[in-house]
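*Asks:* I am attaching a structure below and will ask some questions about it afterwards.
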Amino acid sequence: GGLGALMLPWEDRLQAAYIGQPTFGNHPIRLQCKCVGSGESVRQYAKTHPEVIDVLVYYDAATAASRIQIPVLTQACLFDPAVCPPGQFSVANAITSAGSKTHVALAGHFAGFPGEFEENRRLVQSRQAFFADYLPSK
């Protein structure tokens with residue numbers, strides 16, 4: 001997810017990558033969105049310690065993603081209780097390297113929703129099609 005976006009600009013051994021439900025993207029928006037897990041802890045901490053915002057800018061996956069130079073398939077979700085969708089789409093939209101694509105999913109970090117099986121099948125197909133160009137021929 002977000003760690004991939006933070007790492008990929010400086011990793012020169014990869015030809016292509018997949019980033020699923022990227023976190024740590026667009027902290028100004030992320031800190032306004034309630035969520036569960038560590039994101040909510042950071043949001044609550046920033047309310048009483050606003051100086052942390054000056055540090056978070058150095059760890060923004062959307063900023064790092066703008067420096068990625070290899071093709072990336074990013075999965076961004078319309079609903080996600082753990083990672084706010086605006087942050088996910090900020091990372092996906094920041095990746096402008098040739099061949100990059102965004103797979104829009106209905107939900108992330110959430111199980112048991114109607115159509116979940118079909119949604120997972122679509123993601124597997126997207127990943128297979130994306131990486132087909134980068135895998136060695138048999």
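Labels used: A, B, ... for chains in the order of the structure tokens, numbers from 1 for residues in each chain, and numbers from 1 for ligands as shown.
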For the contact check between stretch 23-47 of chain A and stretch 76-93 of chain A, emit one row per residue of stretch 23-47 of chain A within 9 Å, containing the shortest atom pair and the distance in Å rounded to one decimal, counting only C-alpha atoms, chain then rising number order, as a tab-separated table.
*Replies:*
residue	atom	partner	partner_atom	distance
A:Thr23	CA	A:Val83	CA	5.8
A:Phe24	CA	A:Gly87	CA	7.0
A:Gly25	CA	A:Gly87	CA	4.5
A:Asn26	CA	A:Gly87	CA	5.3
A:His27	CA	A:Gly87	CA	7.5
A:Ile29	CA	A:Gly87	CA	6.9
A:Arg30	CA	A:Gly87	CA	5.9
A:Cys33	CA	A:Cys84	CA	6.4
A:Lys34	CA	A:Cys84	CA	7.8
A:Cys35	CA	A:Ala82	CA	5.2
A:Val36	CA	A:Ala82	CA	4.8
A:Gly37	CA	A:Ala82	CA	6.2
A:Ser38	CA	A:Ala82	CA	8.2
A:Gly39	CA	A:Val83	CA	7.1
A:Glu40	CA	A:Ala82	CA	8.3
*Asks:* Just want the 7 Å neighbourhood of A:Val72, counted on only C-alpha atoms, with same-chain residues fewer than 3 positions away dropped. Output as a PDB file with N, CA and C atoms, in the first residue's frame.
*Replies:*
ATOM      1  N   ALA A  16       7.827  -3.244 -12.749  1.00  0.00           N
ATOM      2  CA  ALA A  16       6.418  -2.876 -12.577  1.00  0.00           C
ATOM      3  C   ALA A  16       6.023  -3.249 -11.152  1.00  0.00           C
ATOM      4  N   ALA A  17       4.903  -2.677 -10.693  1.00  0.00           N
ATOM      5  CA  ALA A  17       4.500  -2.943  -9.311  1.00  0.00           C
ATOM      6  C   ALA A  17       2.984  -2.864  -9.167  1.00  0.00           C
ATOM      7  N   TYR A  18       2.512  -3.445  -8.079  1.00  0.00           N
ATOM      8  CA  TYR A  18       1.100  -3.370  -7.690  1.00  0.00           C
ATOM      9  C   TYR A  18       1.043  -2.762  -6.297  1.00  0.00           C
ATOM     10  N   SER A 100       0.847   3.049 -16.207  1.00  0.00           N
ATOM     11  CA  SER A 100       0.194   2.904 -14.898  1.00  0.00           C
ATOM     12  C   SER A 100      -1.327   2.914 -15.048  1.00  0.00           C
ATOM     13  N   LYS A 101      -1.980   2.165 -14.167  1.00  0.00           N
ATOM     14  CA  LYS A 101      -3.437   2.049 -14.199  1.00  0.00           C
ATOM     15  C   LYS A 101      -3.979   2.023 -12.780  1.00  0.00           C
TER      16      LYS A 101
END
*Asks:* Quick one: DSSP helix (DSSP H, G or I) residues in chain A, as a PDB file with N, CA, C and O atoms, in the first residue's frame?
*Replies:*
ATOM      1  N   GLY A   2       0.663   2.037   1.020  1.00  0.00           N
ATOM      2  CA  GLY A   2       1.377   3.305   1.107  1.00  0.00           C
ATOM      3  C   GLY A   2       2.872   3.139   1.225  1.00  0.00           C
ATOM      4  O   GLY A   2       3.643   3.952   0.709  1.00  0.00           O
ATOM      5  N   LEU A   3       3.302   2.070   1.899  1.00  0.00           N
ATOM      6  CA  LEU A   3       4.743   1.850   2.011  1.00  0.00           C
ATOM      7  C   LEU A   3       5.352   1.563   0.648  1.00  0.00           C
ATOM      8  O   LEU A   3       6.474   1.980   0.362  1.00  0.00           O
ATOM      9  N   GLY A   4       4.608   0.877  -0.210  1.00  0.00           N
ATOM     10  CA  GLY A   4       5.093   0.650  -1.574  1.00  0.00           C
ATOM     11  C   GLY A   4       5.284   1.951  -2.317  1.00  0.00           C
ATOM     12  O   GLY A   4       6.286   2.153  -3.001  1.00  0.00           O
ATOM     13  N   ALA A   5       4.322   2.854  -2.185  1.00  0.00           N
ATOM     14  CA  ALA A   5       4.432   4.152  -2.853  1.00  0.00           C
ATOM     15  C   ALA A   5       5.611   4.955  -2.292  1.00  0.00           C
ATOM     16  O   ALA A   5       6.274   5.683  -3.034  1.00  0.00           O
ATOM     17  N   LEU A   6       5.874   4.823  -1.009  1.00  0.00           N
ATOM     18  CA  LEU A   6       7.000   5.540  -0.403  1.00  0.00           C
ATOM     19  C   LEU A   6       8.344   4.956  -0.843  1.00  0.00           C
ATOM     20  O   LEU A   6       9.345   5.669  -0.892  1.00  0.00           O
ATOM     21  N   MET A   7       8.368   3.681  -1.187  1.00  0.00           N
ATOM     22  CA  MET A   7       9.611   3.000  -1.533  1.00  0.00           C
ATOM     23  C   MET A   7       9.925   3.012  -3.022  1.00  0.00           C
ATOM     24  O   MET A   7      11.085   3.125  -3.430  1.00  0.00           O
ATOM     25  N   LEU A   8       8.900   2.880  -3.853  1.00  0.00           N
ATOM     26  CA  LEU A   8       9.122   2.666  -5.289  1.00  0.00           C
ATOM     27  C   LEU A   8       9.955   3.734  -6.010  1.00  0.00           C
ATOM     28  O   LEU A   8      10.707   3.388  -6.926  1.00  0.00           O
ATOM     29  N   PRO A   9       9.876   5.001  -5.656  1.00  0.00           N
ATOM     30  CA  PRO A   9      10.704   5.973  -6.392  1.00  0.00           C
ATOM     31  C   PRO A   9      12.204   5.721  -6.262  1.00  0.00           C
ATOM     32  O   PRO A   9      12.984   6.157  -7.114  1.00  0.00           O
ATOM     33  N   TRP A  10      12.618   5.025  -5.224  1.00  0.00           N
ATOM     34  CA  TRP A  10      14.038   4.819  -4.980  1.00  0.00           C
ATOM     35  C   TRP A  10      14.476   3.382  -5.206  1.00  0.00           C
ATOM     36  O   TRP A  10      15.634   3.057  -5.009  1.00  0.00           O
ATOM     37  N   HIS A  27      -2.061  13.618   3.609  1.00  0.00           N
ATOM     38  CA  HIS A  27      -2.317  13.773   5.045  1.00  0.00           C
ATOM     39  C   HIS A  27      -3.302  14.892   5.394  1.00  0.00           C
ATOM     40  O   HIS A  27      -4.103  14.713   6.306  1.00  0.00           O
ATOM     41  N   PRO A  28      -3.295  16.026   4.710  1.00  0.00           N
ATOM     42  CA  PRO A  28      -4.292  17.045   5.064  1.00  0.00           C
ATOM     43  C   PRO A  28      -5.735  16.523   4.964  1.00  0.00           C
ATOM     44  O   PRO A  28      -6.564  16.822   5.820  1.00  0.00           O
ATOM     45  N   ILE A  29      -6.008  15.729   3.941  1.00  0.00           N
ATOM     46  CA  ILE A  29      -7.349  15.126   3.824  1.00  0.00           C
ATOM     47  C   ILE A  29      -7.486  13.967   4.802  1.00  0.00           C
ATOM     48  O   ILE A  29      -8.502  13.815   5.479  1.00  0.00           O
ATOM     49  N   ARG A  30      -6.479  13.136   4.865  1.00  0.00           N
ATOM     50  CA  ARG A  30      -6.511  11.939   5.709  1.00  0.00           C
ATOM     51  C   ARG A  30      -6.808  12.289   7.173  1.00  0.00           C
ATOM     52  O   ARG A  30      -7.549  11.579   7.844  1.00  0.00           O
ATOM     53  N   SER A  38      -4.703   2.397  12.903  1.00  0.00           N
ATOM     54  CA  SER A  38      -3.624   3.349  13.160  1.00  0.00           C
ATOM     55  C   SER A  38      -3.914   4.731  12.584  1.00  0.00           C
ATOM     56  O   SER A  38      -3.481   5.736  13.138  1.00  0.00           O
ATOM     57  N   GLY A  39      -4.647   4.791  11.482  1.00  0.00           N
ATOM     58  CA  GLY A  39      -4.995   6.086  10.900  1.00  0.00           C
ATOM     59  C   GLY A  39      -5.790   6.942  11.866  1.00  0.00           C
ATOM     60  O   GLY A  39      -5.603   8.159  11.950  1.00  0.00           O
ATOM     61  N   GLU A  40      -6.675   6.313  12.607  1.00  0.00           N
ATOM     62  CA  GLU A  40      -7.475   7.052  13.585  1.00  0.00           C
ATOM     63  C   GLU A  40      -6.602   7.510  14.749  1.00  0.00           C
ATOM     64  O   GLU A  40      -6.781   8.615  15.276  1.00  0.00           O
ATOM     65  N   SER A  41      -5.641   6.690  15.135  1.00  0.00           N
ATOM     66  CA  SER A  41      -4.714   7.083  16.204  1.00  0.00           C
ATOM     67  C   SER A  41      -3.918   8.319  15.804  1.00  0.00           C
ATOM     68  O   SER A  41      -3.737   9.240  16.599  1.00  0.00           O
ATOM     69  N   VAL A  42      -3.457   8.347  14.569  1.00  0.00           N
ATOM     70  CA  VAL A  42      -2.706   9.502  14.073  1.00  0.00           C
ATOM     71  C   VAL A  42      -3.616  10.729  14.030  1.00  0.00           C
ATOM     72  O   VAL A  42      -3.222  11.834  14.412  1.00  0.00           O
ATOM     73  N   ARG A  43      -4.843  10.546  13.563  1.00  0.00           N
ATOM     74  CA  ARG A  43      -5.796  11.659  13.480  1.00  0.00           C
ATOM     75  C   ARG A  43      -6.068  12.245  14.862  1.00  0.00           C
ATOM     76  O   ARG A  43      -6.062  13.466  15.048  1.00  0.00           O
ATOM     77  N   GLN A  44      -6.281  11.394  15.852  1.00  0.00           N
ATOM     78  CA  GLN A  44      -6.539  11.863  17.210  1.00  0.00           C
ATOM     79  C   GLN A  44      -5.302  12.554  17.792  1.00  0.00           C
ATOM     80  O   GLN A  44      -5.417  13.573  18.473  1.00  0.00           O
ATOM     81  N   TYR A  45      -4.140  11.997  17.547  1.00  0.00           N
ATOM     82  CA  TYR A  45      -2.900  12.592  18.049  1.00  0.00           C
ATOM     83  C   TYR A  45      -2.688  13.985  17.452  1.00  0.00           C
ATOM     84  O   TYR A  45      -2.307  14.925  18.154  1.00  0.00           O
ATOM     85  N   ALA A  46      -2.961  14.124  16.159  1.00  0.00           N
ATOM     86  CA  ALA A  46      -2.763  15.412  15.485  1.00  0.00           C
ATOM     87  C   ALA A  46      -3.696  16.490  16.026  1.00  0.00           C
ATOM     88  O   ALA A  46      -3.364  17.680  15.969  1.00  0.00           O
ATOM     89  N   LYS A  47      -4.842  16.095  16.561  1.00  0.00           N
ATOM     90  CA  LYS A  47      -5.766  17.081  17.146  1.00  0.00           C
ATOM     91  C   LYS A  47      -5.143  17.795  18.339  1.00  0.00           C
ATOM     92  O   LYS A  47      -5.358  18.988  18.536  1.00  0.00           O
ATOM     93  N   THR A  48      -4.391  17.070  19.127  1.00  0.00           N
ATOM     94  CA  THR A  48      -3.783  17.662  20.326  1.00  0.00           C
ATOM     95  C   THR A  48      -2.308  18.011  20.145  1.00  0.00           C
ATOM     96  O   THR A  48      -1.724  18.652  21.002  1.00  0.00           O
ATOM     97  N   VAL A  52       2.703  17.733  14.621  1.00  0.00           N
ATOM     98  CA  VAL A  52       2.994  16.482  13.919  1.00  0.00           C
ATOM     99  C   VAL A  52       2.701  16.608  12.421  1.00  0.00           C
ATOM    100  O   VAL A  52       3.305  15.920  11.601  1.00  0.00           O
ATOM    101  N   ILE A  53       1.830  17.515  12.049  1.00  0.00           N
ATOM    102  CA  ILE A  53       1.492  17.711  10.634  1.00  0.00           C
ATOM    103  C   ILE A  53       2.724  18.131   9.849  1.00  0.00           C
ATOM    104  O   ILE A  53       2.912  17.723   8.701  1.00  0.00           O
ATOM    105  N   ASP A  54       3.602  18.913  10.476  1.00  0.00           N
ATOM    106  CA  ASP A  54       4.839  19.331   9.811  1.00  0.00           C
ATOM    107  C   ASP A  54       5.777  18.155   9.554  1.00  0.00           C
ATOM    108  O   ASP A  54       6.610  18.206   8.647  1.00  0.00           O
ATOM    109  N   VAL A  55       5.658  17.104  10.337  1.00  0.00           N
ATOM    110  CA  VAL A  55       6.481  15.905  10.148  1.00  0.00           C
ATOM    111  C   VAL A  55       5.834  14.966   9.135  1.00  0.00           C
ATOM    112  O   VAL A  55       6.515  14.364   8.304  1.00  0.00           O
ATOM    113  N   LEU A  56       4.510  14.851   9.169  1.00  0.00           N
ATOM    114  CA  LEU A  56       3.812  13.934   8.272  1.00  0.00           C
ATOM    115  C   LEU A  56       4.036  14.251   6.798  1.00  0.00           C
ATOM    116  O   LEU A  56       4.000  13.338   5.963  1.00  0.00           O
ATOM    117  N   VAL A  57       4.285  15.503   6.465  1.00  0.00           N
ATOM    118  CA  VAL A  57       4.497  15.845   5.050  1.00  0.00           C
ATOM    119  C   VAL A  57       5.685  15.084   4.453  1.00  0.00           C
ATOM    120  O   VAL A  57       5.729  14.844   3.249  1.00  0.00           O
ATOM    121  N   TYR A  58       6.635  14.693   5.296  1.00  0.00           N
ATOM    122  CA  TYR A  58       7.790  13.936   4.816  1.00  0.00           C
ATOM    123  C   TYR A  58       7.452  12.474   4.551  1.00  0.00           C
ATOM    124  O   TYR A  58       8.252  11.734   3.977  1.00  0.00           O
ATOM    125  N   TYR A  59       6.294  12.024   4.989  1.00  0.00           N
ATOM    126  CA  TYR A  59       5.867  10.632   4.852  1.00  0.00           C
ATOM    127  C   TYR A  59       4.532  10.546   4.120  1.00  0.00           C
ATOM    128  O   TYR A  59       3.664   9.766   4.484  1.00  0.00           O
ATOM    129  N   ALA A  61       2.527   9.392   1.031  1.00  0.00           N
ATOM    130  CA  ALA A  61       2.650   8.453  -0.087  1.00  0.00           C
ATOM    131  C   ALA A  61       2.254   9.085  -1.413  1.00  0.00           C
ATOM    132  O   ALA A  61       2.781   8.708  -2.460  1.00  0.00           O
ATOM    133  N   ALA A  62       1.348  10.044  -1.400  1.00  0.00           N
ATOM    134  CA  ALA A  62       0.958  10.704  -2.652  1.00  0.00           C
ATOM    135  C   ALA A  62       2.102  11.542  -3.210  1.00  0.00           C
ATOM    136  O   ALA A  62       2.325  11.574  -4.423  1.00  0.00           O
ATOM    137  N   THR A  63       2.832  12.197  -2.348  1.00  0.00           N
ATOM    138  CA  THR A  63       3.985  12.979  -2.792  1.00  0.00           C
ATOM    139  C   THR A  63       5.052  12.056  -3.366  1.00  0.00           C
ATOM    140  O   THR A  63       5.594  12.308  -4.440  1.00  0.00           O
ATOM    141  N   ALA A  64       5.342  10.965  -2.657  1.00  0.00           N
ATOM    142  CA  ALA A  64       6.340  10.008  -3.148  1.00  0.00           C
ATOM    143  C   ALA A  64       5.884   9.370  -4.452  1.00  0.00           C
ATOM    144  O   ALA A  64       6.684   9.182  -5.374  1.00  0.00           O
ATOM    145  N   ALA A  65       4.595   9.059  -4.556  1.00  0.00           N
ATOM    146  CA  ALA A  65       4.063   8.390  -5.749  1.00  0.00           C
ATOM    147  C   ALA A  65       4.273   9.221  -7.007  1.00  0.00           C
ATOM    148  O   ALA A  65       4.435   8.672  -8.104  1.00  0.00           O
ATOM    149  N   PRO A  85     -10.724   6.563   1.450  1.00  0.00           N
ATOM    150  CA  PRO A  85     -10.654   6.541  -0.012  1.00  0.00           C
ATOM    151  C   PRO A  85     -10.032   7.788  -0.639  1.00  0.00           C
ATOM    152  O   PRO A  85      -9.256   7.646  -1.598  1.00  0.00           O
ATOM    153  N   PRO A  86     -10.298   9.004  -0.153  1.00  0.00           N
ATOM    154  CA  PRO A  86      -9.627  10.150  -0.781  1.00  0.00           C
ATOM    155  C   PRO A  86      -8.099  10.053  -0.737  1.00  0.00           C
ATOM    156  O   PRO A  86      -7.414  10.467  -1.688  1.00  0.00           O
ATOM    157  N   GLY A  87      -7.558   9.491   0.326  1.00  0.00           N
ATOM    158  CA  GLY A  87      -6.114   9.283   0.404  1.00  0.00           C
ATOM    159  C   GLY A  87      -5.639   8.246  -0.591  1.00  0.00           C
ATOM    160  O   GLY A  87      -4.596   8.402  -1.231  1.00  0.00           O
ATOM    161  N   GLN A  88      -6.422   7.166  -0.744  1.00  0.00           N
ATOM    162  CA  GLN A  88      -6.069   6.125  -1.715  1.00  0.00           C
ATOM    163  C   GLN A  88      -6.043   6.695  -3.132  1.00  0.00           C
ATOM    164  O   GLN A  88      -5.105   6.448  -3.898  1.00  0.00           O
ATOM    165  N   PHE A  89      -7.069   7.452  -3.474  1.00  0.00           N
ATOM    166  CA  PHE A  89      -7.128   8.027  -4.815  1.00  0.00           C
ATOM    167  C   PHE A  89      -6.079   9.109  -5.009  1.00  0.00           C
ATOM    168  O   PHE A  89      -5.609   9.321  -6.137  1.00  0.00           O
ATOM    169  N   SER A  90      -5.671   9.786  -3.954  1.00  0.00           N
ATOM    170  CA  SER A  90      -4.579  10.763  -4.069  1.00  0.00           C
ATOM    171  C   SER A  90      -3.296  10.073  -4.492  1.00  0.00           C
ATOM    172  O   SER A  90      -2.551  10.587  -5.337  1.00  0.00           O
ATOM    173  N   VAL A  91      -3.025   8.920  -3.914  1.00  0.00           N
ATOM    174  CA  VAL A  91      -1.832   8.156  -4.300  1.00  0.00           C
ATOM    175  C   VAL A  91      -1.968   7.672  -5.741  1.00  0.00           C
ATOM    176  O   VAL A  91      -1.064   7.862  -6.562  1.00  0.00           O
ATOM    177  N   ALA A  92      -3.103   7.058  -6.065  1.00  0.00           N
ATOM    178  CA  ALA A  92      -3.307   6.528  -7.421  1.00  0.00           C
ATOM    179  C   ALA A  92      -3.190   7.637  -8.464  1.00  0.00           C
ATOM    180  O   ALA A  92      -2.541   7.453  -9.510  1.00  0.00           O
ATOM    181  N   ASN A  93      -3.781   8.782  -8.208  1.00  0.00           N
ATOM    182  CA  ASN A  93      -3.762   9.883  -9.174  1.00  0.00           C
ATOM    183  C   ASN A  93      -2.393  10.534  -9.304  1.00  0.00           C
ATOM    184  O   ASN A  93      -2.094  11.171 -10.320  1.00  0.00           O
ATOM    185  N   ALA A  94      -1.561  10.385  -8.290  1.00  0.00           N
ATOM    186  CA  ALA A  94      -0.216  10.980  -8.340  1.00  0.00           C
ATOM    187  C   ALA A  94       0.733  10.169  -9.205  1.00  0.00           C
ATOM    188  O   ALA A  94       1.754  10.682  -9.656  1.00  0.00           O
ATOM    189  N   GLU A 116     -18.768  -9.328  -3.259  1.00  0.00           N
ATOM    190  CA  GLU A 116     -17.364  -9.421  -2.864  1.00  0.00           C
ATOM    191  C   GLU A 116     -16.593 -10.451  -3.703  1.00  0.00           C
ATOM    192  O   GLU A 116     -15.468 -10.182  -4.138  1.00  0.00           O
ATOM    193  N   PHE A 117     -17.185 -11.605  -3.945  1.00  0.00           N
ATOM    194  CA  PHE A 117     -16.504 -12.637  -4.731  1.00  0.00           C
ATOM    195  C   PHE A 117     -16.176 -12.119  -6.127  1.00  0.00           C
ATOM    196  O   PHE A 117     -15.058 -12.259  -6.611  1.00  0.00           O
ATOM    197  N   GLU A 118     -17.152 -11.506  -6.789  1.00  0.00           N
ATOM    198  CA  GLU A 118     -16.946 -10.952  -8.124  1.00  0.00           C
ATOM    199  C   GLU A 118     -15.890  -9.839  -8.095  1.00  0.00           C
ATOM    200  O   GLU A 118     -15.061  -9.724  -8.997  1.00  0.00           O
ATOM    201  N   GLU A 119     -15.928  -9.036  -7.063  1.00  0.00           N
ATOM    202  CA  GLU A 119     -14.947  -7.953  -6.915  1.00  0.00           C
ATOM    203  C   GLU A 119     -13.532  -8.512  -6.818  1.00  0.00           C
ATOM    204  O   GLU A 119     -12.605  -8.024  -7.460  1.00  0.00           O
ATOM    205  N   ASN A 120     -13.362  -9.552  -6.026  1.00  0.00           N
ATOM    206  CA  ASN A 120     -12.041 -10.179  -5.896  1.00  0.00           C
ATOM    207  C   ASN A 120     -11.596 -10.811  -7.209  1.00  0.00           C
ATOM    208  O   ASN A 120     -10.417 -10.744  -7.573  1.00  0.00           O
ATOM    209  N   ARG A 121     -12.524 -11.418  -7.939  1.00  0.00           N
ATOM    210  CA  ARG A 121     -12.207 -12.003  -9.237  1.00  0.00           C
ATOM    211  C   ARG A 121     -11.742 -10.922 -10.218  1.00  0.00           C
ATOM    212  O   ARG A 121     -10.766 -11.092 -10.945  1.00  0.00           O
ATOM    213  N   ARG A 122     -12.423  -9.779 -10.219  1.00  0.00           N
ATOM    214  CA  ARG A 122     -12.027  -8.669 -11.095  1.00  0.00           C
ATOM    215  C   ARG A 122     -10.611  -8.185 -10.777  1.00  0.00           C
ATOM    216  O   ARG A 122      -9.830  -7.873 -11.676  1.00  0.00           O
ATOM    217  N   LEU A 123     -10.277  -8.116  -9.487  1.00  0.00           N
ATOM    218  CA  LEU A 123      -8.941  -7.668  -9.096  1.00  0.00           C
ATOM    219  C   LEU A 123      -7.882  -8.657  -9.573  1.00  0.00           C
ATOM    220  O   LEU A 123      -6.839  -8.251 -10.100  1.00  0.00           O
ATOM    221  N   VAL A 124      -8.126  -9.948  -9.399  1.00  0.00           N
ATOM    222  CA  VAL A 124      -7.169 -10.961  -9.863  1.00  0.00           C
ATOM    223  C   VAL A 124      -6.969 -10.828 -11.370  1.00  0.00           C
ATOM    224  O   VAL A 124      -5.832 -10.852 -11.867  1.00  0.00           O
ATOM    225  N   GLN A 125      -8.041 -10.656 -12.118  1.00  0.00           N
ATOM    226  CA  GLN A 125      -7.938 -10.487 -13.571  1.00  0.00           C
ATOM    227  C   GLN A 125      -7.155  -9.225 -13.928  1.00  0.00           C
ATOM    228  O   GLN A 125      -6.333  -9.241 -14.858  1.00  0.00           O
ATOM    229  N   SER A 126      -7.398  -8.147 -13.220  1.00  0.00           N
ATOM    230  CA  SER A 126      -6.665  -6.898 -13.477  1.00  0.00           C
ATOM    231  C   SER A 126      -5.175  -7.081 -13.250  1.00  0.00           C
ATOM    232  O   SER A 126      -4.353  -6.625 -14.051  1.00  0.00           O
ATOM    233  N   ARG A 127      -4.832  -7.738 -12.154  1.00  0.00           N
ATOM    234  CA  ARG A 127      -3.407  -7.952 -11.861  1.00  0.00           C
ATOM    235  C   ARG A 127      -2.758  -8.863 -12.897  1.00  0.00           C
ATOM    236  O   ARG A 127      -1.643  -8.600 -13.350  1.00  0.00           O
ATOM    237  N   GLN A 128      -3.458  -9.943 -13.283  1.00  0.00           N
ATOM    238  CA  GLN A 128      -2.895 -10.854 -14.283  1.00  0.00           C
ATOM    239  C   GLN A 128      -2.671 -10.136 -15.606  1.00  0.00           C
ATOM    240  O   GLN A 128      -1.622 -10.286 -16.228  1.00  0.00           O
ATOM    241  N   ALA A 129      -3.646  -9.362 -16.047  1.00  0.00           N
ATOM    242  CA  ALA A 129      -3.522  -8.634 -17.311  1.00  0.00           C
ATOM    243  C   ALA A 129      -2.404  -7.590 -17.233  1.00  0.00           C
ATOM    244  O   ALA A 129      -1.623  -7.430 -18.177  1.00  0.00           O
ATOM    245  N   PHE A 130      -2.308  -6.898 -16.105  1.00  0.00           N
ATOM    246  CA  PHE A 130      -1.288  -5.860 -15.951  1.00  0.00           C
ATOM    247  C   PHE A 130       0.114  -6.454 -15.998  1.00  0.00           C
ATOM    248  O   PHE A 130       0.992  -5.962 -16.714  1.00  0.00           O
ATOM    249  N   PHE A 131       0.344  -7.530 -15.247  1.00  0.00           N
ATOM    250  CA  PHE A 131       1.685  -8.100 -15.155  1.00  0.00           C
ATOM    251  C   PHE A 131       2.041  -9.005 -16.328  1.00  0.00           C
ATOM    252  O   PHE A 131       3.205  -9.374 -16.476  1.00  0.00           O
TER     253      PHE A 131
END
*Asks:* Identify which of the residues A:Gln15, A:Gln21, A:Thr102, A:Ser137 lies closest to A:Ile68, counting only C-alpha atoms when measuring atom-to-atom distances.
*Replies:*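 Checking each of A:Gln15, A:Gln21, A:Thr102, A:Ser137 against A:Ile68, counting only C-alpha atoms, the winner is A:Gln15.
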*Asks:* Would you please work out which residue, of A:Gly20, A:His49, A:Leu14, A:Ser66, is nearest to A:Leu135 when using only C-alpha atoms?
*Replies:*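 Of the candidates, the smallest distance to A:Leu135 is held by A:Leu14.
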*Asks:* Can you tell me how far atom CA of A:Ile19 sits from atom CA of A:Gln32, in Å to one decimal?
*Replies:*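 Computing the Euclidean distance for atom CA of A:Ile19 and atom CA of A:Gln32 yields 23.1 Å.
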*Asks:* From a DSSP calculation on the backbone, collect every residue of chain A in strand (DSSP E) and output the set as an NGL selection string.
*Replies:* :A and (17-20 or 72-79 or 101-107)
*Asks:* Distance atom CA of A:Tyr134-atom CA of A:Ala105, one decimal place?
*Replies:*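 Separating atom CA of A:Tyr134 from atom CA of A:Ala105 is a distance of 23.1 Å.
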*Asks:* Could you tell me how far atom CA of A:Gly108 sits from atom CA of A:Arg67, in Å to one decimal place?
*Replies:*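 Going from atom CA of A:Arg67 over to atom CA of A:Gly108 covers 25.1 Å.
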